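Below is work-v7.pdb, holding PDB, C-alpha atoms.
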```pdb
ATOM      1  CA  ASP A  16       0.000   0.000   0.000
ATOM      2  CA  GLY A  17       1.048   3.597  -0.365
ATOM      3  CA  GLU A  18       3.117   5.412  -2.945
ATOM      4  CA  PRO A  19       5.406   3.048  -4.897
ATOM      5  CA  ASP A  20       8.213   5.609  -5.234
ATOM      6  CA  LEU A  21       8.216   6.308  -1.508
ATOM      7  CA  GLY A  22       8.121   2.581  -0.732
ATOM      8  CA  ALA A  23      11.129   1.977  -2.995
ATOM      9  CA  LYS A  24      13.116   4.746  -1.295
ATOM     10  CA  LEU A  25      12.233   3.473   2.162
ATOM     11  CA  MET A  26      13.152  -0.136   1.307
ATOM     12  CA  LYS A  27      16.504   0.937  -0.141
ATOM     13  CA  ALA A  28      17.216   3.012   2.979
ATOM     14  CA  PHE A  29      16.136   0.159   5.274
ATOM     15  CA  LEU A  30      18.345  -2.422   3.556
ATOM     16  CA  THR A  31      21.296  -0.025   3.410
ATOM     17  CA  GLN A  32      21.030   0.747   7.131
ATOM     18  CA  LEU A  33      20.611  -2.937   7.944
ATOM     19  CA  LEU A  34      23.833  -3.717   6.073
ATOM     20  CA  GLN A  35      25.679  -0.856   7.756
ATOM     21  CA  SER A  36      24.454  -1.854  11.220
ATOM     22  CA  GLY A  37      26.980  -4.660  11.436
ATOM     23  CA  THR A  38      24.246  -7.081  12.479
ATOM     24  CA  VAL A  39      23.012  -9.090   9.536
ATOM     25  CA  PRO A  40      19.990 -11.311  10.085
ATOM     26  CA  LYS A  41      20.369 -15.064   9.644
ATOM     27  CA  LYS A  42      17.435 -15.178   7.225
ATOM     28  CA  ALA A  43      15.343 -12.807   5.140
ATOM     29  CA  ILE A  44      12.065 -14.064   3.737
ATOM     30  CA  PHE A  45      10.378 -12.165   0.914
ATOM     31  CA  MET A  46       6.632 -12.768   0.553
ATOM     32  CA  SER A  47       3.742 -11.454  -1.525
ATOM     33  CA  SER A  48       4.901  -8.574  -3.753
ATOM     34  CA  GLY A  49       8.159  -8.585  -1.769
ATOM     35  CA  VAL A  50       9.411 -11.164  -4.288
ATOM     36  CA  PHE A  51       9.864  -8.285  -6.727
ATOM     37  CA  LEU A  52      12.832  -7.260  -4.545
ATOM     38  CA  THR A  53      14.714 -10.508  -5.275
ATOM     39  CA  THR A  54      13.929 -10.791  -8.973
ATOM     40  CA  GLU A  55      14.784  -9.083 -12.271
ATOM     41  CA  GLY A  56      14.065  -5.360 -12.253
ATOM     42  CA  SER A  57      14.526  -4.915  -8.494
ATOM     43  CA  ALA A  58      15.725  -1.455  -7.478
ATOM     44  CA  VAL A  59      17.441  -3.002  -4.441
ATOM     45  CA  ILE A  60      18.989  -6.139  -5.924
ATOM     46  CA  GLU A  61      22.521  -5.034  -4.995
ATOM     47  CA  GLU A  62      21.521  -4.533  -1.365
ATOM     48  CA  VAL A  63      19.823  -7.943  -1.273
ATOM     49  CA  ARG A  64      22.921  -9.535  -2.827
ATOM     50  CA  ALA A  65      25.104  -7.802  -0.248
ATOM     51  CA  LEU A  66      22.936  -9.229   2.541
ATOM     52  CA  GLU A  67      23.375 -12.712   1.092
ATOM     53  CA  GLU A  68      27.133 -12.214   0.732
ATOM     54  CA  ALA A  69      27.244 -11.113   4.380
ATOM     55  CA  GLY A  70      25.746 -14.455   5.421
ATOM     56  CA  CYS A  71      22.002 -13.831   5.356
ATOM     57  CA  ARG A  72      19.986 -16.683   3.819
ATOM     58  CA  ILE A  73      17.591 -15.155   1.286
ATOM     59  CA  SER A  74      14.330 -16.960   0.565
ATOM     60  CA  SER A  75      11.439 -15.894  -1.652
ATOM     61  CA  CYS A  76       7.971 -17.411  -1.318
ATOM     62  CA  GLY A  77       7.631 -19.997  -4.103
ATOM     63  CA  THR A  78       3.851 -19.593  -4.300
ATOM     64  CA  CYS A  79       4.310 -15.827  -4.612
ATOM     65  CA  LEU A  80       6.964 -16.221  -7.317
ATOM     66  CA  ASP A  81       4.555 -18.435  -9.257
ATOM     67  CA  TYR A  82       1.603 -16.097  -8.723
ATOM     68  CA  TYR A  83       3.534 -13.145 -10.148
ATOM     69  CA  ASP A  84       5.250 -15.343 -12.784
ATOM     70  CA  ARG A  85       8.674 -14.427 -11.358
ATOM     71  CA  ARG A  86      10.206 -17.841 -10.525
ATOM     72  CA  GLU A  87      12.432 -17.831 -13.622
ATOM     73  CA  LYS A  88      13.450 -14.251 -12.821
ATOM     74  CA  LEU A  89      14.769 -14.988  -9.316
ATOM     75  CA  LEU A  90      18.256 -13.453  -9.017
ATOM     76  CA  VAL A  91      19.143 -13.844  -5.344
ATOM     77  CA  GLY A  92      18.459 -16.644  -2.904
ATOM     78  CA  VAL A  93      16.152 -19.613  -3.200
ATOM     79  CA  ALA A  94      12.456 -20.271  -3.658
ATOM     80  CA  GLY A  95      11.014 -21.367  -0.340
ATOM     81  CA  ASN A  96       7.651 -22.577   0.886
ATOM     82  CA  MET A  97       5.291 -21.860   3.770
ATOM     83  CA  LYS A  98       6.685 -24.750   5.824
ATOM     84  CA  ASP A  99      10.152 -23.114   5.628
ATOM     85  CA  THR A 100       8.679 -19.715   6.523
ATOM     86  CA  VAL A 101       6.762 -20.976   9.552
ATOM     87  CA  ARG A 102       9.776 -22.967  10.779
ATOM     88  CA  ALA A 103      12.061 -19.930  10.420
ATOM     89  CA  MET A 104       9.641 -17.748  12.373
ATOM     90  CA  LEU A 105       9.176 -20.307  15.131
ATOM     91  CA  ASP A 106      12.934 -20.857  15.428
ATOM     92  CA  ALA A 107      13.796 -17.151  15.494
ATOM     93  CA  THR A 108      14.509 -15.453  18.791
ATOM     94  CA  LYS A 109      13.220 -12.224  17.242
ATOM     95  CA  THR A 110      11.802 -11.097  13.926
ATOM     96  CA  LEU A 111      12.320  -7.844  12.074
ATOM     97  CA  ALA A 112       9.993  -6.239   9.537
ATOM     98  CA  PRO A 113      10.260  -2.867   7.819
TER
END
```

Encoded form using structure tokens:
Amino acid sequence: DGEPDLGAKLMKAFLTQLLQSGTVPKKAIFMSSGVFLTTEGSAVIEEVRALEEAGCRISSCGTCLDYYDRREKLLVGVAGNMKDTVRAMLDATKTLAP
């Protein structure tokens, strides 16, 4: 929801600050339209790649990739499923969402 241009600026700023914080999350899960951030045409693909290179496991919802016809356009990370997402959330000591 909201203005797409503002959302793009905020996401870029969030990911940049996360990288600069020195504390990289163990996992980042991209769901719903968030899969556009890990696929071709993403304005933040370099930041997502940098997170992965810093040790963060990147996962994009497989159902979401299929829904938006983006599975073949995935550039960073792996296609996951809801079982993986629920397990990651239950195993996490804390979760972070922009």

List the residues matched by the PyMOL selection byres ((chain A and resi 59) around 10) in the displayed structure as an MDAnalysis selection string, ordered by chain and then by residue number.
chainID A and resid 23:24 26:28 30:31 51:54 56:58 60:65

For stretch 67-73 of chain A, what centre and edge lengths in Å (one decimal) does the axis-aligned box get once 5 Å is added on each side of all its listed atoms, as AutoDock Vina command-line options?
```
--center_x 22.4 --center_y -13.9 --center_z 3.1 --size_x 19.7 --size_y 15.6 --size_z 14.7
```

Atom CA of A:Ala107 to atom CA of A:Lys88: how many Å, to one decimal?
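Distance reported for this atom pair: 28.5 Å.
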
Which distance in Å separates atom CA of A:Asp84 and atom CA of A:Met46, to one decimal?
13.7 Å

Would you work out the distance separating atom CA of A:Ala43 from atom CA of A:Leu21, expressed in Å to one decimal?
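Going from atom CA of A:Ala43 over to atom CA of A:Leu21, I get 21.5 Å.
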
10 Å contact set for stretch 76-80 of chain A, all atoms listed in the file, chain neighbours under 4 positions out, as an NGL selection string
:A and (44-51 or 53-54 or 84-89 or 93-97 or 99-100)

Mind completing stretch 67-102 of chain A with N, CA and C atoms? Output as a PDB file, in the frame of the given file, please?
```
ATOM      1  N   GLU A  67      23.050 -11.302   1.283  1.00  0.00           N
ATOM      2  CA  GLU A  67      23.375 -12.712   1.092  1.00  0.00           C
ATOM      3  C   GLU A  67      24.875 -12.947   1.238  1.00  0.00           C
ATOM      4  N   GLU A  68      25.676 -12.076   0.646  1.00  0.00           N
ATOM      5  CA  GLU A  68      27.133 -12.214   0.732  1.00  0.00           C
ATOM      6  C   GLU A  68      27.636 -12.051   2.165  1.00  0.00           C
ATOM      7  N   ALA A  69      26.875 -11.316   2.979  1.00  0.00           N
ATOM      8  CA  ALA A  69      27.244 -11.113   4.380  1.00  0.00           C
ATOM      9  C   ALA A  69      26.785 -12.276   5.268  1.00  0.00           C
ATOM     10  N   GLY A  70      26.134 -13.268   4.666  1.00  0.00           N
ATOM     11  CA  GLY A  70      25.746 -14.455   5.421  1.00  0.00           C
ATOM     12  C   GLY A  70      24.265 -14.622   5.684  1.00  0.00           C
ATOM     13  N   CYS A  71      23.448 -13.734   5.176  1.00  0.00           N
ATOM     14  CA  CYS A  71      22.002 -13.831   5.356  1.00  0.00           C
ATOM     15  C   CYS A  71      21.427 -14.794   4.313  1.00  0.00           C
ATOM     16  N   ARG A  72      20.626 -15.752   4.750  1.00  0.00           N
ATOM     17  CA  ARG A  72      19.986 -16.683   3.819  1.00  0.00           C
ATOM     18  C   ARG A  72      18.742 -16.001   3.272  1.00  0.00           C
ATOM     19  N   ILE A  73      18.704 -15.835   1.957  1.00  0.00           N
ATOM     20  CA  ILE A  73      17.591 -15.155   1.286  1.00  0.00           C
ATOM     21  C   ILE A  73      16.629 -16.201   0.735  1.00  0.00           C
ATOM     22  N   SER A  74      15.355 -16.046   1.048  1.00  0.00           N
ATOM     23  CA  SER A  74      14.330 -16.960   0.565  1.00  0.00           C
ATOM     24  C   SER A  74      13.139 -16.151   0.063  1.00  0.00           C
ATOM     25  N   SER A  75      12.636 -16.524  -1.101  1.00  0.00           N
ATOM     26  CA  SER A  75      11.439 -15.894  -1.652  1.00  0.00           C
ATOM     27  C   SER A  75      10.321 -16.927  -1.693  1.00  0.00           C
ATOM     28  N   CYS A  76       9.137 -16.537  -1.324  1.00  0.00           N
ATOM     29  CA  CYS A  76       7.971 -17.411  -1.318  1.00  0.00           C
ATOM     30  C   CYS A  76       7.743 -18.002  -2.710  1.00  0.00           C
ATOM     31  N   GLY A  77       7.813 -19.329  -2.816  1.00  0.00           N
ATOM     32  CA  GLY A  77       7.631 -19.997  -4.103  1.00  0.00           C
ATOM     33  C   GLY A  77       6.245 -19.784  -4.684  1.00  0.00           C
ATOM     34  N   THR A  78       5.218 -19.829  -3.839  1.00  0.00           N
ATOM     35  CA  THR A  78       3.851 -19.593  -4.300  1.00  0.00           C
ATOM     36  C   THR A  78       3.719 -18.176  -4.852  1.00  0.00           C
ATOM     37  N   CYS A  79       4.353 -17.227  -4.182  1.00  0.00           N
ATOM     38  CA  CYS A  79       4.310 -15.827  -4.612  1.00  0.00           C
ATOM     39  C   CYS A  79       5.049 -15.642  -5.933  1.00  0.00           C
ATOM     40  N   LEU A  80       6.220 -16.281  -6.057  1.00  0.00           N
ATOM     41  CA  LEU A  80       6.964 -16.221  -7.317  1.00  0.00           C
ATOM     42  C   LEU A  80       6.108 -16.752  -8.462  1.00  0.00           C
ATOM     43  N   ASP A  81       5.418 -17.861  -8.225  1.00  0.00           N
ATOM     44  CA  ASP A  81       4.555 -18.435  -9.257  1.00  0.00           C
ATOM     45  C   ASP A  81       3.372 -17.528  -9.568  1.00  0.00           C
ATOM     46  N   TYR A  82       2.760 -16.970  -8.548  1.00  0.00           N
ATOM     47  CA  TYR A  82       1.603 -16.097  -8.723  1.00  0.00           C
ATOM     48  C   TYR A  82       1.946 -14.906  -9.621  1.00  0.00           C
ATOM     49  N   TYR A  83       3.099 -14.310  -9.368  1.00  0.00           N
ATOM     50  CA  TYR A  83       3.534 -13.145 -10.148  1.00  0.00           C
ATOM     51  C   TYR A  83       4.353 -13.538 -11.381  1.00  0.00           C
ATOM     52  N   ASP A  84       4.479 -14.828 -11.648  1.00  0.00           N
ATOM     53  CA  ASP A  84       5.250 -15.343 -12.784  1.00  0.00           C
ATOM     54  C   ASP A  84       6.687 -14.827 -12.745  1.00  0.00           C
ATOM     55  N   ARG A  85       7.322 -14.950 -11.568  1.00  0.00           N
ATOM     56  CA  ARG A  85       8.674 -14.427 -11.358  1.00  0.00           C
ATOM     57  C   ARG A  85       9.696 -15.519 -11.033  1.00  0.00           C
ATOM     58  N   ARG A  86       9.288 -16.780 -10.949  1.00  0.00           N
ATOM     59  CA  ARG A  86      10.206 -17.841 -10.525  1.00  0.00           C
ATOM     60  C   ARG A  86      11.455 -17.890 -11.399  1.00  0.00           C
ATOM     61  N   GLU A  87      11.293 -17.778 -12.700  1.00  0.00           N
ATOM     62  CA  GLU A  87      12.432 -17.831 -13.622  1.00  0.00           C
ATOM     63  C   GLU A  87      13.260 -16.550 -13.594  1.00  0.00           C
ATOM     64  N   LYS A  88      12.761 -15.538 -12.891  1.00  0.00           N
ATOM     65  CA  LYS A  88      13.450 -14.251 -12.821  1.00  0.00           C
ATOM     66  C   LYS A  88      14.142 -14.043 -11.476  1.00  0.00           C
ATOM     67  N   LEU A  89      14.134 -15.072 -10.631  1.00  0.00           N
ATOM     68  CA  LEU A  89      14.769 -14.988  -9.316  1.00  0.00           C
ATOM     69  C   LEU A  89      16.275 -14.816  -9.489  1.00  0.00           C
ATOM     70  N   LEU A  90      16.826 -13.767  -8.880  1.00  0.00           N
ATOM     71  CA  LEU A  90      18.256 -13.453  -9.017  1.00  0.00           C
ATOM     72  C   LEU A  90      19.065 -13.733  -7.760  1.00  0.00           C
ATOM     73  N   VAL A  91      18.427 -13.679  -6.605  1.00  0.00           N
ATOM     74  CA  VAL A  91      19.143 -13.844  -5.344  1.00  0.00           C
ATOM     75  C   VAL A  91      18.366 -14.804  -4.453  1.00  0.00           C
ATOM     76  N   GLY A  92      19.078 -15.741  -3.853  1.00  0.00           N
ATOM     77  CA  GLY A  92      18.459 -16.644  -2.904  1.00  0.00           C
ATOM     78  C   GLY A  92      17.758 -17.812  -3.553  1.00  0.00           C
ATOM     79  N   VAL A  93      16.862 -18.413  -2.772  1.00  0.00           N
ATOM     80  CA  VAL A  93      16.152 -19.613  -3.200  1.00  0.00           C
ATOM     81  C   VAL A  93      14.648 -19.395  -3.094  1.00  0.00           C
ATOM     82  N   ALA A  94      13.908 -20.247  -3.803  1.00  0.00           N
ATOM     83  CA  ALA A  94      12.456 -20.271  -3.658  1.00  0.00           C
ATOM     84  C   ALA A  94      12.131 -21.150  -2.458  1.00  0.00           C
ATOM     85  N   GLY A  95      11.384 -20.615  -1.531  1.00  0.00           N
ATOM     86  CA  GLY A  95      11.014 -21.367  -0.340  1.00  0.00           C
ATOM     87  C   GLY A  95       9.542 -21.738  -0.360  1.00  0.00           C
ATOM     88  N   ASN A  96       9.063 -22.240   0.773  1.00  0.00           N
ATOM     89  CA  ASN A  96       7.651 -22.577   0.886  1.00  0.00           C
ATOM     90  C   ASN A  96       7.160 -22.172   2.279  1.00  0.00           C
ATOM     91  N   MET A  97       5.863 -22.317   2.506  1.00  0.00           N
ATOM     92  CA  MET A  97       5.291 -21.860   3.770  1.00  0.00           C
ATOM     93  C   MET A  97       5.822 -22.673   4.956  1.00  0.00           C
ATOM     94  N   LYS A  98       6.114 -23.937   4.744  1.00  0.00           N
ATOM     95  CA  LYS A  98       6.685 -24.750   5.824  1.00  0.00           C
ATOM     96  C   LYS A  98       8.017 -24.148   6.278  1.00  0.00           C
ATOM     97  N   ASP A  99       8.867 -23.754   5.314  1.00  0.00           N
ATOM     98  CA  ASP A  99      10.152 -23.114   5.628  1.00  0.00           C
ATOM     99  C   ASP A  99       9.932 -21.800   6.374  1.00  0.00           C
ATOM    100  N   THR A 100       8.951 -21.021   5.918  1.00  0.00           N
ATOM    101  CA  THR A 100       8.679 -19.715   6.523  1.00  0.00           C
ATOM    102  C   THR A 100       8.216 -19.865   7.969  1.00  0.00           C
ATOM    103  N   VAL A 101       7.268 -20.760   8.193  1.00  0.00           N
ATOM    104  CA  VAL A 101       6.762 -20.976   9.552  1.00  0.00           C
ATOM    105  C   VAL A 101       7.885 -21.487  10.455  1.00  0.00           C
ATOM    106  N   ARG A 102       8.670 -22.427   9.984  1.00  0.00           N
ATOM    107  CA  ARG A 102       9.776 -22.967  10.779  1.00  0.00           C
ATOM    108  C   ARG A 102      10.767 -21.860  11.132  1.00  0.00           C
TER     109      ARG A 102
END
```
